[in-house]
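Structure file data_29.cif (mmCIF, C-alpha atoms and all ligand atoms) is printed below.
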data_work
loop_
_atom_site.label_atom_id
_atom_site.label_comp_id
_atom_site.auth_asym_id
_atom_site.auth_seq_id
_atom_site.Cartn_x
_atom_site.Cartn_y
_atom_site.Cartn_z
CA MET A 1 46.97 75.54 -27.30
CA ASN A 2 50.71 75.99 -26.93
CA ASN A 3 51.81 79.57 -26.79
CA LEU A 4 54.04 81.08 -29.46
CA GLU A 5 57.27 80.66 -27.47
CA GLN A 6 56.53 76.96 -26.96
CA LEU A 7 55.66 76.46 -30.62
CA ILE A 8 58.87 78.10 -31.81
CA SER A 9 60.97 76.24 -29.29
CA GLN A 10 59.50 72.88 -30.41
CA LEU A 11 60.23 73.76 -34.02
CA PHE A 12 63.77 74.69 -33.04
CA SER A 13 64.40 71.40 -31.18
CA ASP A 14 63.35 69.37 -34.22
CA TYR A 15 65.43 71.56 -36.53
CA GLN A 16 68.49 71.34 -34.31
CA ALA A 17 68.24 67.54 -34.15
CA LEU A 18 68.50 67.40 -37.95
CA ASN A 19 71.27 69.96 -38.23
CA PRO A 20 74.34 69.31 -36.04
CA SER A 21 75.91 72.59 -37.22
CA VAL A 22 73.32 74.55 -35.27
CA LYS A 23 74.72 73.52 -31.88
CA LYS A 24 78.28 74.29 -33.02
CA ILE A 25 77.28 77.73 -34.27
CA HIS A 26 75.42 78.50 -31.05
CA GLN A 27 78.49 77.45 -29.09
CA LEU A 28 80.71 79.71 -31.20
CA PHE A 29 78.40 82.68 -30.63
CA GLN A 30 78.06 81.94 -26.93
CA ASN A 31 81.84 82.04 -26.63
CA GLN A 32 81.57 85.57 -28.05
CA SER A 33 78.81 86.46 -25.54
CA GLU A 34 76.31 86.87 -28.36
CA GLN A 35 72.58 86.53 -27.85
CA ILE A 36 70.88 84.90 -30.82
CA ILE A 37 67.76 86.53 -32.25
CA ASN A 38 65.96 84.88 -35.18
CA ASP A 39 65.23 86.94 -38.28
CA HIS A 40 62.91 84.36 -39.82
CA ILE A 41 61.92 80.69 -39.93
CA ALA A 42 61.15 79.07 -43.29
CA PHE A 43 58.75 76.26 -44.17
CA ARG A 44 58.10 74.30 -47.35
CA THR A 45 54.89 72.66 -48.56
CA ILE A 46 52.90 71.70 -51.67
CA ASP A 47 49.86 73.59 -53.01
CA PHE A 48 47.25 70.95 -52.10
CA PRO A 49 44.10 72.30 -50.38
CA GLU A 50 44.63 70.85 -46.89
CA ILE A 51 48.37 71.42 -46.57
CA ASN A 52 48.91 74.64 -48.55
CA ILE A 53 50.66 77.80 -47.35
CA HIS A 54 47.52 79.00 -45.62
CA CYS A 55 47.30 75.80 -43.53
CA ILE A 56 50.95 76.16 -42.57
CA ALA A 57 50.33 79.84 -41.75
CA ARG A 58 47.34 79.17 -39.48
CA PRO A 59 49.24 78.25 -36.27
CA PHE A 60 50.94 81.65 -36.63
CA THR A 61 47.94 83.77 -37.66
CA GLU A 62 46.05 82.27 -34.68
CA ARG A 63 48.83 83.60 -32.47
CA GLY A 64 48.88 87.16 -33.69
CA TYR A 65 50.84 87.02 -36.96
CA LYS A 66 49.64 88.79 -40.13
CA ILE A 67 50.44 87.96 -43.76
CA LYS A 68 52.55 90.82 -45.08
CA GLY A 69 54.05 89.75 -48.41
CA ASN A 70 53.42 87.55 -51.46
CA TYR A 71 56.15 86.18 -53.72
CA ARG A 72 56.41 84.14 -56.90
CA PHE A 73 59.44 82.12 -58.02
CA GLU A 74 59.10 81.34 -61.71
CA GLU A 75 62.15 79.14 -62.19
CA LYS A 76 61.48 76.93 -59.16
CA LYS A 77 57.67 77.04 -59.65
CA LEU A 78 56.97 78.20 -56.11
CA ASP A 79 54.69 80.71 -54.44
CA ALA A 80 55.45 82.12 -51.03
CA ILE A 81 54.11 84.40 -48.32
CA HIS A 82 55.73 86.01 -45.35
CA LEU A 83 54.14 86.79 -42.00
CA GLU A 84 55.07 89.20 -39.25
CA HIS A 85 54.21 89.41 -35.60
CA PRO A 86 53.44 92.93 -34.30
CA ASN A 87 56.61 92.55 -32.22
CA THR A 88 59.26 91.63 -34.82
CA SER A 89 62.13 92.04 -32.39
CA LEU A 90 60.63 89.36 -30.14
CA PHE A 91 59.17 86.97 -32.72
CA PRO A 92 60.78 86.01 -36.03
CA ARG A 93 59.20 86.60 -39.43
CA ILE A 94 57.74 83.44 -40.96
CA PHE A 95 58.43 82.56 -44.61
CA ILE A 96 56.27 79.83 -46.17
CA SER A 97 56.61 78.58 -49.73
CA GLN A 98 54.61 76.00 -51.70
CA LEU A 99 55.36 74.08 -54.88
CA ARG A 100 52.94 74.51 -57.80
CA HIS A 101 52.77 70.75 -58.34
CA ALA A 102 50.57 70.88 -61.46
CA GLU A 103 53.43 72.49 -63.42
CA PHE A 104 55.62 69.37 -63.17
CA SER A 105 55.72 65.97 -64.93
CA LYS A 106 52.95 63.39 -64.45
CA GLU A 107 55.41 61.20 -62.51
CA LEU A 108 56.30 63.92 -60.00
CA GLN A 109 52.64 64.87 -59.61
CA GLN A 110 51.74 61.22 -58.94
CA VAL A 111 54.35 60.86 -56.19
CA LEU A 112 53.12 64.02 -54.46
CA ARG A 113 49.45 63.09 -54.92
CA ASP A 114 50.04 59.65 -53.37
CA LEU A 115 51.80 61.28 -50.43
CA TYR A 116 49.01 63.83 -50.06
CA ALA A 117 46.36 61.07 -50.06
CA LYS A 118 48.17 59.40 -47.15
CA ILE A 119 48.54 62.71 -45.29
CA ILE A 120 44.85 63.55 -45.41
CA GLN A 121 43.90 60.04 -44.24
CA GLN A 122 45.54 60.81 -40.90
CA LYS A 123 46.01 64.52 -41.01
CA PRO A 124 47.09 65.98 -37.65
CA THR A 125 45.91 69.38 -36.43
CA ASP A 126 47.55 72.41 -38.11
CA ASP A 127 49.79 72.88 -35.05
CA LYS A 128 51.01 69.29 -35.21
CA LEU A 129 51.28 69.29 -39.02
CA LEU A 130 53.77 72.14 -38.84
CA MET A 131 56.34 69.83 -37.23
CA ALA A 132 55.01 66.41 -38.26
CA GLY A 133 58.00 65.54 -40.45
CA ASN A 134 56.98 62.72 -42.78
CA PRO A 135 55.52 59.87 -40.69
CA TRP A 136 53.23 58.74 -43.55
CA ILE A 137 55.73 56.94 -45.78
CA THR A 138 59.21 55.46 -45.83
CA PRO A 139 60.64 57.12 -48.94
CA SER A 140 62.25 55.23 -51.81
CA TYR A 141 65.75 56.41 -52.68
CA ASN A 142 65.04 55.81 -56.37
CA ILE A 143 62.00 58.06 -56.29
CA TYR A 144 63.98 60.67 -54.33
CA LYS A 145 66.71 60.67 -57.03
CA ASN A 146 64.11 60.94 -59.79
CA LEU A 147 62.42 63.88 -58.07
CA LEU A 148 65.80 65.61 -57.71
CA HIS A 149 66.13 65.86 -61.50
CA GLU A 150 62.98 67.96 -61.67
CA SER A 151 62.81 69.78 -58.36
CA GLU A 152 65.19 69.70 -55.42
CA TYR A 153 62.34 71.26 -53.44
CA ALA A 154 59.94 68.36 -54.20
CA ALA A 155 62.65 65.80 -53.37
CA TRP A 156 63.41 67.49 -50.03
CA PHE A 157 59.72 67.61 -49.13
CA TYR A 158 59.18 63.96 -50.14
CA VAL A 159 61.76 62.88 -47.55
CA PHE A 160 61.57 65.51 -44.78
CA GLY A 161 57.93 66.63 -44.94
CA PHE A 162 56.75 69.29 -42.52
CA ARG A 163 59.34 70.99 -40.31
CA ALA A 164 61.38 74.17 -40.22
CA ASN A 165 63.58 74.07 -43.33
CA HIS A 166 65.83 76.71 -41.83
CA PHE A 167 66.13 79.21 -39.03
CA THR A 168 67.88 82.50 -39.75
CA ILE A 169 70.04 84.44 -37.33
CA SER A 170 69.58 88.21 -37.35
CA VAL A 171 73.02 89.73 -37.92
CA ASN A 172 71.60 93.14 -36.96
CA HIS A 173 71.31 91.85 -33.40
CA LEU A 174 74.87 90.48 -33.12
CA ILE A 175 77.23 92.73 -31.20
CA ASN A 176 80.59 91.51 -32.54
CA PHE A 177 79.70 91.59 -36.25
CA ASN A 178 78.65 94.67 -38.14
CA SER A 179 78.70 93.13 -41.61
CA LEU A 180 77.60 89.87 -43.18
CA GLU A 181 81.00 89.64 -44.84
CA GLY A 182 82.73 89.70 -41.46
CA LEU A 183 80.41 87.02 -40.17
CA ASN A 184 80.99 84.82 -43.26
CA THR A 185 84.76 85.07 -42.79
CA PHE A 186 84.36 84.06 -39.15
CA LEU A 187 82.17 81.05 -40.10
CA LYS A 188 84.60 79.87 -42.80
CA LYS A 189 87.55 80.23 -40.40
CA ASN A 190 85.64 77.95 -38.06
CA GLY A 191 85.22 75.27 -40.71
CA PHE A 192 81.72 75.92 -42.11
CA SER A 193 80.97 75.76 -45.85
CA LEU A 194 78.82 78.54 -47.27
CA ASN A 195 76.28 78.22 -50.07
CA SER A 196 78.06 80.09 -52.88
CA SER A 197 75.33 79.78 -55.54
CA GLY A 198 74.94 83.35 -56.83
CA GLY A 199 77.83 84.53 -54.57
CA GLU A 200 78.16 84.00 -50.81
CA ILE A 201 76.10 87.10 -50.09
CA LYS A 202 72.69 87.34 -51.74
CA GLY A 203 71.17 90.80 -51.99
CA SER A 204 72.79 94.14 -51.14
CA PRO A 205 72.34 97.16 -48.87
CA GLN A 206 70.54 98.88 -51.80
CA LEU A 207 68.02 96.01 -51.85
CA LEU A 208 67.80 96.49 -48.03
CA LEU A 209 68.52 92.81 -47.32
CA GLU A 210 71.65 90.68 -47.40
CA GLN A 211 71.55 86.94 -46.75
CA SER A 212 74.01 84.07 -46.61
CA SER A 213 73.74 80.47 -45.48
CA ILE A 214 75.82 77.45 -44.65
CA LEU A 215 75.24 74.29 -46.70
CA ALA A 216 72.76 71.85 -45.18
CA ASP A 217 74.34 69.12 -43.06
CA LEU A 218 74.27 65.63 -44.56
CA ILE A 219 72.05 63.44 -42.40
CA GLU A 220 71.49 59.70 -42.51
CA MET A 221 67.88 58.97 -43.42
CA GLU A 222 66.04 55.69 -43.68
CA PHE A 223 64.84 54.68 -47.16
CA LEU A 224 63.00 51.56 -48.33
CA ASP A 225 66.25 50.50 -49.97
CA GLY A 226 68.47 51.20 -46.90
CA PRO A 227 69.94 54.30 -45.24
CA GLN A 228 71.43 57.18 -47.28
CA TYR A 229 73.11 60.49 -46.48
CA LEU A 230 71.43 63.59 -47.82
CA PRO A 231 71.22 67.34 -47.08
CA ALA A 232 68.63 68.13 -44.40
CA CYS A 233 68.28 71.66 -43.01
CA TYR A 234 70.59 74.66 -43.01
CA TYR A 235 71.36 77.81 -41.05
CA GLU A 236 70.89 81.20 -42.66
CA PHE A 237 72.09 84.70 -41.68
CA ALA A 238 70.35 87.94 -42.57
CA MET A 239 71.28 91.59 -42.32
CA ARG A 240 68.50 94.13 -42.87
CA TYR A 241 68.78 97.82 -43.75
CA LYS A 242 66.55 100.84 -43.24
CA ASP A 243 64.48 102.23 -46.13
CA GLN A 244 64.18 105.92 -47.09
CA ASP A 245 61.73 106.48 -44.25
CA GLY A 246 64.21 105.08 -41.74
CA LYS A 247 62.19 101.90 -41.25
CA ILE A 248 63.85 98.47 -41.23
CA PHE A 249 62.93 96.48 -44.35
CA ASN A 250 60.85 93.46 -43.32
CA GLY A 251 60.27 91.72 -46.66
CA PHE A 252 62.19 89.25 -48.80
CA ILE A 253 63.97 89.53 -52.16
CA PRO A 254 62.80 86.79 -54.58
CA GLN A 255 66.06 86.72 -56.54
CA SER A 256 68.06 86.15 -53.33
CA ALA A 257 65.64 83.61 -51.90
CA ASN A 258 65.82 81.74 -55.21
CA LYS A 259 69.51 81.08 -54.60
CA ILE A 260 69.12 80.48 -50.87
CA PHE A 261 66.74 77.59 -51.68
CA GLU A 262 69.80 75.84 -53.18
CA SER A 263 71.39 75.39 -49.74
CA THR A 264 69.71 71.97 -49.62
CA ASN A 265 70.96 70.91 -53.09
CA PHE A 266 72.00 67.30 -53.23
CA ARG A 267 75.69 66.52 -52.81
CA ASN A 268 77.57 63.31 -52.11
CA LYS A 269 79.05 62.57 -48.72
NI NI A 301 65.46 82.25 -45.39
#

Would you kindly transcribe this structure into structure tokens?
Amino acid sequence: MNNLEQLISQLFSDYQALNPSVKKIHQLFQNQSEQIINDHIAFRTIDFPEINIHCIARPFTERGYKIKGNYRFEEKKLDAIHLEHPNTSLFPRIFISQLRHAEFSKELQQVLRDLYAKIIQQKPTDDKLLMAGNPWITPSYNIYKNLLHESEYAAWFYVFGFRANHFTISVNHLINFNSLEGLNTFLKKNGFSLNSSGGEIKGSPQLLLEQSSILADLIEMEFLDGPQYLPACYYEFAMRYKDQDGKIFNGFIPQSANKIFESTNFRNK
């Protein structure tokens, strides 16, 4: 079994390959002598028995993580959990969401059921599933566009499958930035576009968590009907505050996460 460092570094390599902005942002921070610490890594899945949030959580719970929070997103029809390692300054929090597929149209359910049937025919181990991508099908662009009307989340999963949807840099650990606003200004000056759905900064110091994200890079993906550009993964930034007891808040704010999900919204090249 790979250790936790190896697992996270494999996830990061895959994520970086799909998100050219990551290298540029690392370079920018390196030029400022910053050391990058991850706040959390996020995963997406569907609520089918053999691939649900608990299956995605297993590689982490087997390596010392504990489930610490449960969340529900009514509008996007998602459930989520977050996990923490006893050493949060060494290992990032893990955020895993799943789509409640039964609440969507028959057509959407059929697409996901067909995909699920193929997955369980050749299901890899939980460790491998976590970063399997989608080797089971070549997606159809028509189906992707149809899914988008109902759920951007389902459409993203249909194409990209299992992998880190985003990594999040901990702003608390940056030495040259003491506010998310300052960091956002720096990123925009350097040519990055921020997700402005619900404002560039989601959350507030009162809510003990502020988050922002750059828009997902457009990546060329292979479809049955030829290649197309679409948003893949994105980079997020989080600043956490201490609660009344002086302890850093470790959870997530559903209303903020709801808007952060939109960083992978479809846009034309
Ligand atoms: Ni996040």

Select from chain A every residue with an atom at most 10 Å from any atom of ligand NI 301 (chain A), then for each give the shortest pair of atoms and their distance in Å to one decimal, using all atoms listed in the file, rows by chain and rising number, as CSV.
residue,atom,partner,partner_atom,distance
A:Asp39,CA,A:NI301,NI,8.5
A:His40,CA,A:NI301,NI,6.5
A:Ile41,CA,A:NI301,NI,6.7
A:Ala42,CA,A:NI301,NI,5.8
A:Phe43,CA,A:NI301,NI,9.1
A:Arg93,CA,A:NI301,NI,9.7
A:Ile94,CA,A:NI301,NI,9.0
A:Phe95,CA,A:NI301,NI,7.1
A:Ile96,CA,A:NI301,NI,9.5
A:Asn165,CA,A:NI301,NI,8.6
A:His166,CA,A:NI301,NI,6.6
A:Phe167,CA,A:NI301,NI,7.1
A:Thr168,CA,A:NI301,NI,6.1
A:Ile169,CA,A:NI301,NI,9.5
A:Gln211,CA,A:NI301,NI,7.8
A:Ser212,CA,A:NI301,NI,8.8
A:Ser213,CA,A:NI301,NI,8.5
A:Tyr234,CA,A:NI301,NI,9.5
A:Tyr235,CA,A:NI301,NI,8.6
A:Glu236,CA,A:NI301,NI,6.2
A:Phe237,CA,A:NI301,NI,8.0
A:Ala238,CA,A:NI301,NI,8.0
A:Phe252,CA,A:NI301,NI,8.4
A:Ser256,CA,A:NI301,NI,9.2
A:Ala257,CA,A:NI301,NI,6.7
A:Asn258,CA,A:NI301,NI,9.8
A:Ile260,CA,A:NI301,NI,6.8
A:Phe261,CA,A:NI301,NI,7.9

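Between atom CA of Asn31 of chain A and atom CA of Glu220 of chain A the interatomic distance comes to 29.3 Å.
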
Margin query: Need to verify the contact set: Gln98 of chain A, 12 Å, only C-alpha atoms, exclusion of same-chain residues closer than 5 positions in sequence. Can you return it as an NGL selection string?
Written below: :A and (42-49 or 51-57 or 70-73 or 76-82 or 153-154 or 157 or 162)

Margin query: Need the shell around Asp225 of chain A: protein/DNA/RNA residues with any atom at most 10 Å away, counting only C-alpha atoms. Skip same-chain ones fewer than 5 positions apart. Format as JSON, numbers by chain?
Written below: {"A": [138, 139, 140, 141, 142]}

Please provide the set of residues having any atom within 10 Å of Lys118 of chain A, restricted to all atoms listed in the file, with same-chain residues fewer than 4 positions apart removed, written as a PDB file with C-alpha atoms, keeping the file's coordinate frame.
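Now in out38.pdb:
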ATOM      1  CA  LEU A 112      53.120  64.020 -54.460  1.00  0.00           C
ATOM      2  CA  ARG A 113      49.450  63.090 -54.920  1.00  0.00           C
ATOM      3  CA  ASP A 114      50.040  59.650 -53.370  1.00  0.00           C
ATOM      4  CA  GLN A 122      45.540  60.810 -40.900  1.00  0.00           C
ATOM      5  CA  LYS A 123      46.010  64.520 -41.010  1.00  0.00           C
ATOM      6  CA  PRO A 135      55.520  59.870 -40.690  1.00  0.00           C
ATOM      7  CA  TRP A 136      53.230  58.740 -43.550  1.00  0.00           C
ATOM      8  CA  ILE A 137      55.730  56.940 -45.780  1.00  0.00           C
TER       9      ILE A 137
END

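For the atom pair formed by atom CA of Ser193 of chain A and atom CA of Phe249 of chain A, the distance is 27.5 Å, given to one decimal.
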
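You will find atom CA of Met239 of chain A at 18.8 Å from atom CA of Phe192 of chain A.
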
Note to self: Which residue is closest to Gly251 of chain A? Choose from A:Ser9, A:Asn3, A:Asn172, A:Thr88 and count only C-alpha atoms.
What the structure shows: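 Checking each of A:Ser9, A:Asn3, A:Asn172, A:Thr88 against Gly251 of chain A, counting only C-alpha atoms, the winner is A:Thr88.
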